[in-house]
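For reference, target.pdb is printed below; it contains PDB, C-alpha atoms.
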ATOM      1  CA  MET A 288      14.503  25.765  -0.387
ATOM      2  CA  THR A 289      13.738  28.003   2.586
ATOM      3  CA  ARG A 290      14.719  27.014   6.114
ATOM      4  CA  GLU A 291      11.046  26.436   6.960
ATOM      5  CA  GLU A 292      10.531  24.201   3.928
ATOM      6  CA  ALA A 293      13.644  22.256   4.866
ATOM      7  CA  LEU A 294      12.500  21.753   8.453
ATOM      8  CA  HIS A 295       9.090  20.586   7.283
ATOM      9  CA  THR A 296      10.617  18.115   4.825
ATOM     10  CA  LEU A 297      13.017  16.831   7.500
ATOM     11  CA  GLU A 298      10.104  16.229   9.848
ATOM     12  CA  GLU A 299       8.408  14.077   7.191
ATOM     13  CA  TYR A 300      11.587  12.063   6.638
ATOM     14  CA  ARG A 301      11.900  11.520  10.395
ATOM     15  CA  VAL A 302       8.409  10.078  10.540
ATOM     16  CA  SER A 303       9.505   7.676   7.784
ATOM     17  CA  ILE A 304      12.669   6.716   9.686
ATOM     18  CA  ASP A 305      10.700   6.064  12.888
ATOM     19  CA  ALA A 306       8.240   3.844  10.995
ATOM     20  CA  LEU A 307      11.070   1.945   9.278
ATOM     21  CA  ASP A 308      12.799   1.453  12.632
ATOM     22  CA  LEU A 309       9.686  -0.130  14.145
ATOM     23  CA  ARG A 310       9.499  -2.553  11.224
ATOM     24  CA  LEU A 311      13.214  -3.331  11.650
ATOM     25  CA  LEU A 312      12.621  -3.859  15.373
ATOM     26  CA  GLU A 313       9.813  -6.313  14.656
ATOM     27  CA  LEU A 314      11.879  -8.300  12.140
ATOM     28  CA  LEU A 315      14.918  -8.397  14.430
ATOM     29  CA  ASN A 316      12.841  -9.778  17.300
ATOM     30  CA  GLU A 317      11.209 -12.281  14.954
ATOM     31  CA  ARG A 318      14.645 -13.379  13.729
ATOM     32  CA  THR A 319      15.769 -13.786  17.343
ATOM     33  CA  ARG A 320      12.772 -16.025  18.079
ATOM     34  CA  VAL A 321      13.646 -18.272  15.145
ATOM     35  CA  VAL A 322      17.297 -18.380  16.265
ATOM     36  CA  GLU A 323      16.089 -19.445  19.715
ATOM     37  CA  GLU A 324      14.002 -22.222  18.161
ATOM     38  CA  ILE A 325      17.027 -23.377  16.162
ATOM     39  CA  GLY A 326      19.035 -23.529  19.385
ATOM     40  CA  ARG A 327      16.348 -25.617  21.063
ATOM     41  CA  VAL A 328      16.221 -28.127  18.210
ATOM     42  CA  LYS A 329      20.010 -28.405  18.051
ATOM     43  CA  ARG A 330      20.324 -29.043  21.766
ATOM     44  CA  ALA A 331      17.462 -31.552  21.731
ATOM     45  CA  ALA A 332      19.128 -33.436  18.859
ATOM     46  CA  LYS A 333      22.657 -32.936  20.239
ATOM     47  CA  LEU A 334      23.724 -31.155  17.057
ATOM     48  CA  PRO A 335      26.595 -28.639  17.063
ATOM     49  CA  ILE A 336      25.409 -25.119  17.981
ATOM     50  CA  TYR A 337      27.986 -23.231  15.944
ATOM     51  CA  GLU A 338      28.152 -23.889  12.188
ATOM     52  CA  PRO A 339      30.537 -21.615  10.330
ATOM     53  CA  ARG A 340      29.344 -22.843   6.915
ATOM     54  CA  ARG A 341      25.762 -21.854   7.666
ATOM     55  CA  GLU A 342      26.997 -18.407   8.677
ATOM     56  CA  GLU A 343      28.682 -18.071   5.282
ATOM     57  CA  GLN A 344      25.374 -18.976   3.613
ATOM     58  CA  VAL A 345      23.616 -16.238   5.588
ATOM     59  CA  PHE A 346      26.065 -13.645   4.263
ATOM     60  CA  GLU A 347      25.878 -15.024   0.706
ATOM     61  CA  ASN A 348      22.085 -14.746   0.791
ATOM     62  CA  ILE A 349      22.263 -11.096   1.856
ATOM     63  CA  MET A 350      25.088 -10.032  -0.456
ATOM     64  CA  SER A 351      23.617 -11.687  -3.528
ATOM     65  CA  HIS A 352      20.346  -9.761  -3.070
ATOM     66  CA  ASN A 353      21.784  -6.358  -2.163
ATOM     67  CA  GLY A 354      20.706  -3.608  -4.530
ATOM     68  CA  GLY A 355      22.269  -0.823  -2.411
ATOM     69  CA  PRO A 356      22.779   1.938  -1.461
ATOM     70  CA  LEU A 357      24.344   0.062   1.480
ATOM     71  CA  THR A 358      27.754  -1.261   0.481
ATOM     72  CA  PRO A 359      28.651  -4.937   0.958
ATOM     73  CA  ASP A 360      31.110  -3.963   3.705
ATOM     74  CA  ALA A 361      28.523  -1.896   5.579
ATOM     75  CA  LEU A 362      25.980  -4.707   5.346
ATOM     76  CA  LYS A 363      28.504  -7.250   6.503
ATOM     77  CA  ARG A 364      29.263  -5.195   9.619
ATOM     78  CA  ILE A 365      25.546  -4.690  10.378
ATOM     79  CA  PHE A 366      24.698  -8.385  10.016
ATOM     80  CA  GLU A 367      27.808  -9.439  11.953
ATOM     81  CA  ARG A 368      26.452  -7.350  14.822
ATOM     82  CA  VAL A 369      22.956  -8.853  14.429
ATOM     83  CA  ILE A 370      24.275 -12.425  14.368
ATOM     84  CA  ASP A 371      26.617 -11.758  17.271
ATOM     85  CA  GLU A 372      23.829 -10.367  19.479
ATOM     86  CA  MET A 373      21.564 -13.320  18.714
ATOM     87  CA  ARG A 374      24.380 -15.763  19.447
ATOM     88  CA  THR A 375      24.866 -14.074  22.825
ATOM     89  CA  ILE A 376      21.169 -14.470  23.638
ATOM     90  CA  GLN A 377      21.370 -18.176  22.695
ATOM     91  CA  ARG A 378      24.372 -18.627  24.971
ATOM     92  CA  ILE A 379      22.619 -16.943  27.895
ATOM     93  CA  ARG A 380      19.581 -19.202  27.341
ATOM     94  CA  MET A 381      21.835 -22.261  27.473
ATOM     95  CA  GLU A 382      23.701 -21.135  30.578
ATOM     96  CA  THR A 383      20.598 -20.212  32.527
ATOM     97  CA  GLY A 384      18.676 -23.259  31.310
ATOM     98  CA  ILE A 385      15.510 -21.200  30.957
ATOM     99  CA  GLU A 386      13.895 -23.663  28.587
ATOM    100  CA  ALA A 387      14.634 -26.844  30.559
ATOM    101  CA  SER A 388      10.984 -27.856  30.563
ATOM    102  CA  GLN A 389      10.769 -27.591  26.791
ATOM    103  CA  ASP A 390      13.868 -29.736  26.336
ATOM    104  CA  GLY A 391      12.564 -32.294  28.789
ATOM    105  CA  ASP A 392      10.305 -34.215  26.432
ATOM    106  CA  SER A 393      12.745 -34.390  23.529
TER     107      SER A 393
ATOM    108  CA  MET B 152      13.120 -35.946  18.176
ATOM    109  CA  THR B 153      15.247 -38.035  15.807
ATOM    110  CA  ARG B 154      18.291 -36.596  14.114
ATOM    111  CA  GLU B 155      16.434 -36.637  10.772
ATOM    112  CA  GLU B 156      13.453 -34.804  12.215
ATOM    113  CA  ALA B 157      15.785 -32.239  13.757
ATOM    114  CA  LEU B 158      17.609 -31.665  10.461
ATOM    115  CA  HIS B 159      14.315 -31.256   8.631
ATOM    116  CA  THR B 160      13.035 -28.745  11.200
ATOM    117  CA  LEU B 161      16.308 -26.833  11.084
ATOM    118  CA  GLU B 162      16.061 -26.584   7.311
ATOM    119  CA  GLU B 163      12.608 -25.018   7.654
ATOM    120  CA  TYR B 164      13.875 -22.503  10.209
ATOM    121  CA  ARG B 165      16.742 -21.590   7.895
ATOM    122  CA  VAL B 166      14.342 -20.833   5.090
ATOM    123  CA  SER B 167      12.555 -18.503   7.542
ATOM    124  CA  ILE B 168      15.832 -16.817   8.530
ATOM    125  CA  ASP B 169      16.820 -16.285   4.885
ATOM    126  CA  ALA B 170      13.414 -14.722   4.136
ATOM    127  CA  LEU B 171      13.624 -12.480   7.221
ATOM    128  CA  ASP B 172      17.129 -11.388   6.218
ATOM    129  CA  LEU B 173      15.945 -10.295   2.780
ATOM    130  CA  ARG B 174      13.210  -8.209   4.390
ATOM    131  CA  LEU B 175      15.770  -6.715   6.793
ATOM    132  CA  LEU B 176      18.050  -6.000   3.825
ATOM    133  CA  GLU B 177      15.258  -4.179   2.002
ATOM    134  CA  LEU B 178      14.362  -2.062   5.052
ATOM    135  CA  LEU B 179      18.001  -1.215   5.771
ATOM    136  CA  ASN B 180      18.524  -0.011   2.206
ATOM    137  CA  GLU B 181      15.271   1.949   2.348
ATOM    138  CA  ARG B 182      16.385   3.568   5.619
ATOM    139  CA  THR B 183      19.712   4.472   4.009
ATOM    140  CA  ARG B 184      17.906   6.160   1.103
ATOM    141  CA  VAL B 185      15.872   8.287   3.529
ATOM    142  CA  VAL B 186      19.049   9.170   5.470
ATOM    143  CA  GLU B 187      20.632  10.266   2.179
ATOM    144  CA  GLU B 188      17.614  12.477   1.443
ATOM    145  CA  ILE B 189      17.868  13.998   4.914
ATOM    146  CA  GLY B 190      21.535  14.794   4.242
ATOM    147  CA  ARG B 191      20.649  16.485   0.951
ATOM    148  CA  VAL B 192      17.989  18.671   2.546
ATOM    149  CA  LYS B 193      20.269  19.641   5.436
ATOM    150  CA  ARG B 194      23.091  20.651   3.127
ATOM    151  CA  ALA B 195      20.770  22.568   0.840
ATOM    152  CA  ALA B 196      19.359  24.480   3.829
ATOM    153  CA  LYS B 197      22.766  24.750   5.558
ATOM    154  CA  LEU B 198      21.423  22.940   8.627
ATOM    155  CA  PRO B 199      23.761  21.003  10.956
ATOM    156  CA  ILE B 200      24.321  17.419   9.749
ATOM    157  CA  TYR B 201      24.809  15.875  13.170
ATOM    158  CA  GLU B 202      22.026  16.241  15.756
ATOM    159  CA  PRO B 203      22.617  14.290  18.953
ATOM    160  CA  ARG B 204      19.095  14.988  20.251
ATOM    161  CA  ARG B 205      17.517  13.429  17.178
ATOM    162  CA  GLU B 206      19.713  10.361  17.708
ATOM    163  CA  GLU B 207      18.347  10.065  21.254
ATOM    164  CA  GLN B 208      14.799  10.195  19.834
ATOM    165  CA  VAL B 209      15.620   7.351  17.453
ATOM    166  CA  PHE B 210      16.703   5.158  20.362
ATOM    167  CA  GLU B 211      13.703   6.175  22.478
ATOM    168  CA  ASN B 212      11.365   5.210  19.638
ATOM    169  CA  ILE B 213      12.938   1.762  19.366
ATOM    170  CA  MET B 214      13.263   1.050  23.075
ATOM    171  CA  SER B 215       9.716   2.132  23.906
ATOM    172  CA  HIS B 216       8.310  -0.316  21.336
ATOM    173  CA  ASN B 217      10.541  -3.302  22.079
ATOM    174  CA  GLY B 218       8.606  -6.403  23.096
ATOM    175  CA  GLY B 219      11.682  -8.676  23.075
ATOM    176  CA  PRO B 220      13.231 -11.195  23.053
ATOM    177  CA  LEU B 221      16.068  -8.830  22.088
ATOM    178  CA  THR B 222      17.286  -6.980  25.176
ATOM    179  CA  PRO B 223      17.538  -3.170  25.203
ATOM    180  CA  ASP B 224      21.349  -3.432  25.281
ATOM    181  CA  ALA B 225      21.441  -5.790  22.284
ATOM    182  CA  LEU B 226      19.100  -3.535  20.319
ATOM    183  CA  LYS B 227      21.118  -0.467  21.204
ATOM    184  CA  ARG B 228      24.288  -2.083  19.866
ATOM    185  CA  ILE B 229      22.562  -3.202  16.648
ATOM    186  CA  PHE B 230      21.057   0.218  15.948
ATOM    187  CA  GLU B 231      24.303   1.996  16.865
ATOM    188  CA  ARG B 232      25.946  -0.057  14.132
ATOM    189  CA  VAL B 233      23.121   0.726  11.671
ATOM    190  CA  ILE B 234      23.255   4.481  12.396
ATOM    191  CA  ASP B 235      27.047   4.500  12.253
ATOM    192  CA  GLU B 236      27.136   2.807   8.826
ATOM    193  CA  MET B 237      24.560   5.220   7.427
ATOM    194  CA  ARG B 238      26.478   8.197   8.807
ATOM    195  CA  THR B 239      29.606   6.897   7.063
ATOM    196  CA  ILE B 240      27.739   6.680   3.749
ATOM    197  CA  GLN B 241      26.484  10.277   4.216
ATOM    198  CA  ARG B 242      30.025  11.466   4.880
ATOM    199  CA  ILE B 243      31.355   9.734   1.769
ATOM    200  CA  ARG B 244      28.576  11.343  -0.298
ATOM    201  CA  MET B 245      29.567  14.772   1.030
ATOM    202  CA  GLU B 246      33.285  14.247   0.449
ATOM    203  CA  THR B 247      32.909  12.947  -3.081
ATOM    204  CA  GLY B 248      30.198  15.471  -3.950
ATOM    205  CA  ILE B 249      28.250  12.820  -5.874
ATOM    206  CA  GLU B 250      25.023  14.793  -5.708
ATOM    207  CA  ALA B 251      26.428  18.189  -6.761
ATOM    208  CA  SER B 252      23.893  18.498  -9.553
ATOM    209  CA  GLN B 253      20.991  17.900  -7.168
ATOM    210  CA  ASP B 254      22.304  20.524  -4.745
ATOM    211  CA  GLY B 255      22.764  22.988  -7.587
ATOM    212  CA  ASP B 256      19.202  24.245  -7.768
ATOM    213  CA  SER B 257      18.628  24.603  -4.041
TER     214      SER B 257
END

Show me this structure written as structure tokens.
Amino acid sequence: MTREEALHTLEEYRVSIDALDLRLLELLNERTRVVEEIGRVKRAAKLPIYEPRREEQVFENIMSHNGGPLTPDALKRIFERVIDEMRTIQRIRMETGIEASQDGDS
Amino acid sequence: MTREEALHTLEEYRVSIDALDLRLLELLNERTRVVEEIGRVKRAAKLPIYEPRREEQVFENIMSHNGGPLTPDALKRIFERVIDEMRTIQRIRMETGIEASQDGDS
């Protein structure tokens, strides 16, 4: 493979990465919206916000469907980060009471 | 909202989360496969593996398309984790020389 061929191929792969990242971005924001809805329902029904057993289920779902090449450890660290960031956003929502009007009629 | 209604709604949201996670899983593994291909091409063409400017482009692509609710900081931390895990997998591939046969005819 010449240097020029390599650079051309790399450019194609980068277009793929950028497209994949935008799909990841969309799914991550969609997941965050659902997590926010879950928080609203839990607060309206006075249910506990943090449920360690549910978190285990989330990891089991991912691990049991992983065909690689990401290793279980790598996936665990990525999803721990994802879950942690969404938990932070939930906490900020609670503290700032942004959705007070939505909770009002519960 | 009664407790029963809340539990039913939560169950529906959890089904959504589990489905979103499987789509995220698929995209993350697909991204890893492309990153592995990029590593192969770079090694075959003796190009530098690490390119900080390209990494900046990746973040610019994500940030410029983010409609929320994830904040830029949250997204940055998630994608830093994703990129870091994929870099680790590339390094392991290089160290173990798993793809020696594929590099052979370059």

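Separating CA of Arg191 in chain B from CA of Gly355 in chain A is a distance of 17.7 Å.
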
### Message
Taking the file as I've supplied it (selection: the ChimeraX specification (/B :<7) & /A), which residues are included? Please answer as a PyMOL selection string.
### Response
chain A and resi 288-290+293+297+300+304-305+307-309+311-312+314+316+318-321+325+328+332+345+348-349+355-357+361+365+368-369+372+393

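Atom pair CA of Pro359 in chain A / CA of Ile243 in chain B: separated by 14.9 Å.
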
Is it possible to get the superposed chain B, fitted on chain A over all Cα pairs by sequence order, as a PDB file with C-alpha atoms, in the frame of the given file?
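What follows is the written file result-v1.pdb:
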ATOM      1  CA  MET B 152      14.518  25.759  -0.360  1.00  0.00           C
ATOM      2  CA  THR B 153      13.750  28.000   2.621  1.00  0.00           C
ATOM      3  CA  ARG B 154      14.727  27.013   6.124  1.00  0.00           C
ATOM      4  CA  GLU B 155      11.045  26.430   6.972  1.00  0.00           C
ATOM      5  CA  GLU B 156      10.529  24.204   3.954  1.00  0.00           C
ATOM      6  CA  ALA B 157      13.652  22.253   4.868  1.00  0.00           C
ATOM      7  CA  LEU B 158      12.494  21.753   8.463  1.00  0.00           C
ATOM      8  CA  HIS B 159       9.087  20.590   7.277  1.00  0.00           C
ATOM      9  CA  THR B 160      10.629  18.109   4.825  1.00  0.00           C
ATOM     10  CA  LEU B 161      13.010  16.833   7.486  1.00  0.00           C
ATOM     11  CA  GLU B 162      10.102  16.228   9.839  1.00  0.00           C
ATOM     12  CA  GLU B 163       8.417  14.085   7.182  1.00  0.00           C
ATOM     13  CA  TYR B 164      11.593  12.070   6.627  1.00  0.00           C
ATOM     14  CA  ARG B 165      11.899  11.513  10.369  1.00  0.00           C
ATOM     15  CA  VAL B 166       8.412  10.094  10.524  1.00  0.00           C
ATOM     16  CA  SER B 167       9.506   7.686   7.759  1.00  0.00           C
ATOM     17  CA  ILE B 168      12.666   6.724   9.669  1.00  0.00           C
ATOM     18  CA  ASP B 169      10.702   6.082  12.874  1.00  0.00           C
ATOM     19  CA  ALA B 170       8.238   3.858  10.980  1.00  0.00           C
ATOM     20  CA  LEU B 171      11.074   1.960   9.266  1.00  0.00           C
ATOM     21  CA  ASP B 172      12.796   1.455  12.622  1.00  0.00           C
ATOM     22  CA  LEU B 173       9.687  -0.121  14.127  1.00  0.00           C
ATOM     23  CA  ARG B 174       9.501  -2.535  11.202  1.00  0.00           C
ATOM     24  CA  LEU B 175      13.211  -3.324  11.621  1.00  0.00           C
ATOM     25  CA  LEU B 176      12.616  -3.850  15.348  1.00  0.00           C
ATOM     26  CA  GLU B 177       9.800  -6.302  14.646  1.00  0.00           C
ATOM     27  CA  LEU B 178      11.874  -8.286  12.125  1.00  0.00           C
ATOM     28  CA  LEU B 179      14.913  -8.382  14.413  1.00  0.00           C
ATOM     29  CA  ASN B 180      12.832  -9.761  17.276  1.00  0.00           C
ATOM     30  CA  GLU B 181      11.200 -12.271  14.935  1.00  0.00           C
ATOM     31  CA  ARG B 182      14.643 -13.377  13.715  1.00  0.00           C
ATOM     32  CA  THR B 183      15.765 -13.781  17.328  1.00  0.00           C
ATOM     33  CA  ARG B 184      12.759 -16.010  18.067  1.00  0.00           C
ATOM     34  CA  VAL B 185      13.637 -18.267  15.120  1.00  0.00           C
ATOM     35  CA  VAL B 186      17.290 -18.381  16.254  1.00  0.00           C
ATOM     36  CA  GLU B 187      16.077 -19.436  19.711  1.00  0.00           C
ATOM     37  CA  GLU B 188      13.993 -22.221  18.150  1.00  0.00           C
ATOM     38  CA  ILE B 189      17.010 -23.374  16.151  1.00  0.00           C
ATOM     39  CA  GLY B 190      19.027 -23.531  19.382  1.00  0.00           C
ATOM     40  CA  ARG B 191      16.330 -25.625  21.060  1.00  0.00           C
ATOM     41  CA  VAL B 192      16.199 -28.125  18.208  1.00  0.00           C
ATOM     42  CA  LYS B 193      19.992 -28.411  18.052  1.00  0.00           C
ATOM     43  CA  ARG B 194      20.290 -29.071  21.765  1.00  0.00           C
ATOM     44  CA  ALA B 195      17.453 -31.568  21.729  1.00  0.00           C
ATOM     45  CA  ALA B 196      19.110 -33.452  18.851  1.00  0.00           C
ATOM     46  CA  LYS B 197      22.641 -32.942  20.245  1.00  0.00           C
ATOM     47  CA  LEU B 198      23.712 -31.161  17.054  1.00  0.00           C
ATOM     48  CA  PRO B 199      26.588 -28.638  17.073  1.00  0.00           C
ATOM     49  CA  ILE B 200      25.392 -25.125  17.994  1.00  0.00           C
ATOM     50  CA  TYR B 201      27.955 -23.237  15.948  1.00  0.00           C
ATOM     51  CA  GLU B 202      28.142 -23.895  12.193  1.00  0.00           C
ATOM     52  CA  PRO B 203      30.531 -21.608  10.338  1.00  0.00           C
ATOM     53  CA  ARG B 204      29.348 -22.835   6.921  1.00  0.00           C
ATOM     54  CA  ARG B 205      25.764 -21.857   7.670  1.00  0.00           C
ATOM     55  CA  GLU B 206      27.006 -18.402   8.689  1.00  0.00           C
ATOM     56  CA  GLU B 207      28.696 -18.069   5.289  1.00  0.00           C
ATOM     57  CA  GLN B 208      25.378 -18.972   3.618  1.00  0.00           C
ATOM     58  CA  VAL B 209      23.617 -16.234   5.576  1.00  0.00           C
ATOM     59  CA  PHE B 210      26.065 -13.643   4.257  1.00  0.00           C
ATOM     60  CA  GLU B 211      25.884 -15.018   0.709  1.00  0.00           C
ATOM     61  CA  ASN B 212      22.092 -14.743   0.789  1.00  0.00           C
ATOM     62  CA  ILE B 213      22.267 -11.098   1.849  1.00  0.00           C
ATOM     63  CA  MET B 214      25.093 -10.031  -0.441  1.00  0.00           C
ATOM     64  CA  SER B 215      23.619 -11.678  -3.533  1.00  0.00           C
ATOM     65  CA  HIS B 216      20.354  -9.755  -3.066  1.00  0.00           C
ATOM     66  CA  ASN B 217      21.792  -6.357  -2.156  1.00  0.00           C
ATOM     67  CA  GLY B 218      20.722  -3.593  -4.526  1.00  0.00           C
ATOM     68  CA  GLY B 219      22.271  -0.800  -2.422  1.00  0.00           C
ATOM     69  CA  PRO B 220      22.788   1.951  -1.469  1.00  0.00           C
ATOM     70  CA  LEU B 221      24.343   0.080   1.473  1.00  0.00           C
ATOM     71  CA  THR B 222      27.760  -1.248   0.471  1.00  0.00           C
ATOM     72  CA  PRO B 223      28.648  -4.930   0.957  1.00  0.00           C
ATOM     73  CA  ASP B 224      31.118  -3.962   3.707  1.00  0.00           C
ATOM     74  CA  ALA B 225      28.520  -1.886   5.576  1.00  0.00           C
ATOM     75  CA  LEU B 226      25.970  -4.691   5.339  1.00  0.00           C
ATOM     76  CA  LYS B 227      28.497  -7.248   6.499  1.00  0.00           C
ATOM     77  CA  ARG B 228      29.253  -5.191   9.605  1.00  0.00           C
ATOM     78  CA  ILE B 229      25.548  -4.683  10.378  1.00  0.00           C
ATOM     79  CA  PHE B 230      24.691  -8.369  10.014  1.00  0.00           C
ATOM     80  CA  GLU B 231      27.795  -9.433  11.956  1.00  0.00           C
ATOM     81  CA  ARG B 232      26.451  -7.347  14.823  1.00  0.00           C
ATOM     82  CA  VAL B 233      22.949  -8.842  14.436  1.00  0.00           C
ATOM     83  CA  ILE B 234      24.268 -12.433  14.364  1.00  0.00           C
ATOM     84  CA  ASP B 235      26.614 -11.762  17.271  1.00  0.00           C
ATOM     85  CA  GLU B 236      23.819 -10.374  19.480  1.00  0.00           C
ATOM     86  CA  MET B 237      21.566 -13.330  18.704  1.00  0.00           C
ATOM     87  CA  ARG B 238      24.378 -15.775  19.453  1.00  0.00           C
ATOM     88  CA  THR B 239      24.865 -14.069  22.825  1.00  0.00           C
ATOM     89  CA  ILE B 240      21.164 -14.479  23.632  1.00  0.00           C
ATOM     90  CA  GLN B 241      21.366 -18.194  22.690  1.00  0.00           C
ATOM     91  CA  ARG B 242      24.364 -18.647  24.970  1.00  0.00           C
ATOM     92  CA  ILE B 243      22.597 -16.965  27.885  1.00  0.00           C
ATOM     93  CA  ARG B 244      19.570 -19.228  27.337  1.00  0.00           C
ATOM     94  CA  MET B 245      21.829 -22.291  27.472  1.00  0.00           C
ATOM     95  CA  GLU B 246      23.701 -21.137  30.570  1.00  0.00           C
ATOM     96  CA  THR B 247      20.603 -20.229  32.536  1.00  0.00           C
ATOM     97  CA  GLY B 248      18.676 -23.274  31.316  1.00  0.00           C
ATOM     98  CA  ILE B 249      15.502 -21.200  30.935  1.00  0.00           C
ATOM     99  CA  GLU B 250      13.907 -23.715  28.597  1.00  0.00           C
ATOM    100  CA  ALA B 251      14.663 -26.868  30.623  1.00  0.00           C
ATOM    101  CA  SER B 252      11.015 -27.873  30.631  1.00  0.00           C
ATOM    102  CA  GLN B 253      10.798 -27.626  26.842  1.00  0.00           C
ATOM    103  CA  ASP B 254      13.927 -29.750  26.418  1.00  0.00           C
ATOM    104  CA  GLY B 255      12.574 -32.315  28.858  1.00  0.00           C
ATOM    105  CA  ASP B 256      10.374 -34.220  26.444  1.00  0.00           C
ATOM    106  CA  SER B 257      12.830 -34.365  23.564  1.00  0.00           C
TER     107      SER B 257
END

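Between CA of His159 in chain B and CA of Glu347 in chain A lies a distance of 21.4 Å.
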
Select range 319-325 of chain A in the preceding structure and write all heavy atoms to a file as an mmCIF file, in the first residue's frame.
data_model
loop_
_atom_site.group_PDB
_atom_site.id
_atom_site.type_symbol
_atom_site.label_atom_id
_atom_site.label_comp_id
_atom_site.auth_asym_id
_atom_site.auth_seq_id
_atom_site.Cartn_x
_atom_site.Cartn_y
_atom_site.Cartn_z
ATOM 1 N N THR A 319 -30.619 9.620 27.654
ATOM 2 C CA THR A 319 -30.694 10.615 28.730
ATOM 3 C C THR A 319 -32.140 11.088 28.924
ATOM 4 O O THR A 319 -32.604 11.252 30.055
ATOM 5 C CB THR A 319 -29.796 11.829 28.410
ATOM 6 O OG1 THR A 319 -28.486 11.354 28.093
ATOM 7 C CG2 THR A 319 -29.715 12.784 29.594
ATOM 8 N N ARG A 320 -32.849 11.301 27.816
ATOM 9 C CA ARG A 320 -34.249 11.733 27.924
ATOM 10 C C ARG A 320 -35.101 10.696 28.644
ATOM 11 O O ARG A 320 -35.952 11.038 29.471
ATOM 12 C CB ARG A 320 -34.819 12.037 26.525
ATOM 13 C CG ARG A 320 -34.343 13.362 25.946
ATOM 14 C CD ARG A 320 -35.096 13.750 24.681
ATOM 15 N NE ARG A 320 -34.728 12.943 23.535
ATOM 16 C CZ ARG A 320 -33.756 13.252 22.661
ATOM 17 N NH1 ARG A 320 -33.047 14.355 22.809
ATOM 18 N NH2 ARG A 320 -33.488 12.463 21.650
ATOM 19 N N VAL A 321 -34.858 9.417 28.334
ATOM 20 C CA VAL A 321 -35.626 8.367 29.019
ATOM 21 C C VAL A 321 -35.262 8.331 30.507
ATOM 22 O O VAL A 321 -36.136 8.195 31.365
ATOM 23 C CB VAL A 321 -35.399 6.984 28.358
ATOM 24 C CG1 VAL A 321 -36.193 5.905 29.086
ATOM 25 C CG2 VAL A 321 -35.792 7.009 26.882
ATOM 26 N N VAL A 322 -33.967 8.480 30.806
ATOM 27 C CA VAL A 322 -33.529 8.503 32.209
ATOM 28 C C VAL A 322 -34.203 9.669 32.948
ATOM 29 O O VAL A 322 -34.631 9.533 34.099
ATOM 30 C CB VAL A 322 -31.985 8.600 32.298
ATOM 31 C CG1 VAL A 322 -31.524 8.929 33.724
ATOM 32 C CG2 VAL A 322 -31.350 7.298 31.835
ATOM 33 N N GLU A 323 -34.337 10.795 32.280
ATOM 34 C CA GLU A 323 -35.008 11.942 32.900
ATOM 35 C C GLU A 323 -36.484 11.629 33.165
ATOM 36 O O GLU A 323 -37.033 11.993 34.217
ATOM 37 C CB GLU A 323 -34.888 13.174 31.992
ATOM 38 C CG GLU A 323 -33.482 13.759 31.976
ATOM 39 C CD GLU A 323 -33.366 14.967 31.047
ATOM 40 O OE1 GLU A 323 -34.025 14.979 29.983
ATOM 41 O OE2 GLU A 323 -32.614 15.889 31.392
ATOM 42 N N GLU A 324 -37.117 10.952 32.233
ATOM 43 C CA GLU A 324 -38.523 10.560 32.428
ATOM 44 C C GLU A 324 -38.655 9.607 33.613
ATOM 45 O O GLU A 324 -39.586 9.712 34.415
ATOM 46 C CB GLU A 324 -39.064 9.868 31.162
ATOM 47 C CG GLU A 324 -39.290 10.802 29.983
ATOM 48 C CD GLU A 324 -40.265 11.923 30.295
ATOM 49 O OE1 GLU A 324 -41.275 11.663 30.987
ATOM 50 O OE2 GLU A 324 -40.010 13.076 29.889
ATOM 51 N N ILE A 325 -37.719 8.663 33.702
ATOM 52 C CA ILE A 325 -37.724 7.712 34.823
ATOM 53 C C ILE A 325 -37.624 8.472 36.142
ATOM 54 O O ILE A 325 -38.352 8.178 37.103
ATOM 55 C CB ILE A 325 -36.571 6.688 34.662
ATOM 56 C CG1 ILE A 325 -36.897 5.722 33.510
ATOM 57 C CG2 ILE A 325 -36.316 5.930 35.968
ATOM 58 C CD1 ILE A 325 -35.762 4.762 33.144
#
